[in-house]
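As structure tokens, the structure follows; a few thoughts come after it.
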Amino acid sequence: MGVRTLIGSLKDKAALSRAALLSKPNTVALRLAVLRATTHCPSSPPRPSHLAALLSSGHSSRATASALIAALMDRLHATSDASVALKCLITVHHIIARGSFILQDQLSIFPTTGGRNYLKLSAFRDGTTPASWHLSAWVRWYAAYLERLLSASRVLGFFLCSSSSAENIEIEEERVSGLTNGVLIKEIDSVVGLLEEFQKLPDSLHLNENKLVAEVKELVGRDFLSAINELAPRVGEERERLSCLSFGESVELVCALKRLEDCEERLSELFLKKKGSTEGFWVMAREMKDAAGKVKACREEGWLGMGGRRESESARFEDRVLKWGNSVRFSSARLDLN
């Protein structure tokens, strides 16, 4: 056993004793569970049994779930050890992916007061060893990534990459078809932002044998496919609506799709094993960007031709035929006439 491992083991025992003595009776078990899942042992991610014990607390009360999240965040911000911090973040990721609604909800609203960003770890540094120094870069990136994941999930209205979202694909596709163009473009923009965070993945050349980094890569790889699966129906829906996009909407859509295209090469390198399952999506995204660009050019020409007035022949249609009170507005342009 190395000196660093021995010191870490002693710290874990001291933390367990301190939690048992100083914590409130109703939170002792939660804090002990967090400490067991986030030990100083640098060689392995949290054990499945320890994660299961944490996740099970989400099936009780909101107070219990809130206390667990608070204990996890306290552990994250009290440590200067890169392995412990990374284990805390991995635990957060498992809560997002597999936690109950109550546990996910408490994570999304934490903290309820104070406005502190508990996933802001941009200043984290562990210079104990060369390995811990390189691992610190992963801690900083992973925290920023999870923050972006939570942000995108708030825009979508559900936790992206969670098991519950994967079970409701058909329901989600139906929901997408009922969104307004503005909301739909905002959702596309949020998921594209998440993909942009993917491509900032740190270099793991010095950490090839690190099991914590391997676990992060595995979790993030699943998220990548989830993000693509959420983008595909939204981009497809906008393809059906091209003819009814306004000039402003076409500009926003083209910008989002251009950013998406800029991610393709890097993401294809990072997720090479998943490239085959996403090739169709990238082809559709490129074609959609070109088509939206043409719509934007037409709208821009019409805009300039009318001296900046946002009005077209189709926009004046209701004034000639229908009155506002007698018209029905559809969020989608896909209207079947029987």
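Residues are named by chain letter and number: chains run A, B, ... in the order of the structure tokens, numbers start at 1 in each chain, and ligands are numbered from 1 in the order shown.
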
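Close contacts of Val92 of chain A, defined as residues with an atom at most 9 Å away when counting only C-alpha atoms, with chain neighbours fewer than 4 positions off set aside, comprise Ile69, Leu72, Lys87, Cys88, Ile96, Ala97, Leu107 and Leu146 of chain A.
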
Close residues, segment 277-284 of chain A itself excluded, 12 Å, only C-alpha atoms, min 2 positions apart in chain, as a PyMOL selection string: chain A and resi 224-239+257-258+260-265+267-268+271-275+286-292

Long-range neighbours of Val213 of chain A as a VMD selection string, 8 Å cut-off, only C-alpha atoms, 5 positions minimum in chain: chain A and resid 138 204 207 to 208

Test item, helix (DSSP H, G or I) assignment across segment 19-200 of chain A, answer as a PyMOL selection string: chain A and resi 19-22+28-37+48-59+62-78+82-98+101-109+130-156+163-166+169-177+181-198

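Near segment 209-212 of chain A, within a cut-off of 7 Å and counting only C-alpha atoms, sit the residues Ser43, Ser44, Pro45, Glu215 and Val216 of chain A, with same-chain residues fewer than 3 positions away left out.
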
Write out the residues from the selection above, keeping N, CA, C and O atoms, as an mmCIF file, in the first residue's frame.
data_model
loop_
_atom_site.group_PDB
_atom_site.id
_atom_site.type_symbol
_atom_site.label_atom_id
_atom_site.label_comp_id
_atom_site.auth_asym_id
_atom_site.auth_seq_id
_atom_site.Cartn_x
_atom_site.Cartn_y
_atom_site.Cartn_z
ATOM 1 N N SER A 43 -8.156 4.173 -7.239
ATOM 2 C CA SER A 43 -8.095 3.201 -8.337
ATOM 3 C C SER A 43 -9.439 2.788 -8.913
ATOM 4 O O SER A 43 -9.498 2.176 -9.973
ATOM 5 N N SER A 44 -10.544 3.115 -8.250
ATOM 6 C CA SER A 44 -11.821 2.601 -8.741
ATOM 7 C C SER A 44 -12.964 3.584 -8.481
ATOM 8 O O SER A 44 -12.931 4.350 -7.513
ATOM 9 N N PRO A 45 -13.995 3.547 -9.340
ATOM 10 C CA PRO A 45 -15.176 4.415 -9.157
ATOM 11 C C PRO A 45 -16.037 3.906 -8.008
ATOM 12 O O PRO A 45 -15.755 2.850 -7.431
ATOM 13 N N GLU A 215 -14.747 5.436 -16.267
ATOM 14 C CA GLU A 215 -16.159 5.501 -15.869
ATOM 15 C C GLU A 215 -16.812 6.776 -16.388
ATOM 16 O O GLU A 215 -17.950 6.744 -16.883
ATOM 17 N N VAL A 216 -16.107 7.903 -16.284
ATOM 18 C CA VAL A 216 -16.636 9.169 -16.793
ATOM 19 C C VAL A 216 -16.873 9.067 -18.294
ATOM 20 O O VAL A 216 -17.921 9.488 -18.807
#

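Closest approach to Leu86 of chain A among A:Gly99, A:Pro46, A:Gly58, A:Gly221 is made by A:Pro46 (distances from only C-alpha atoms).
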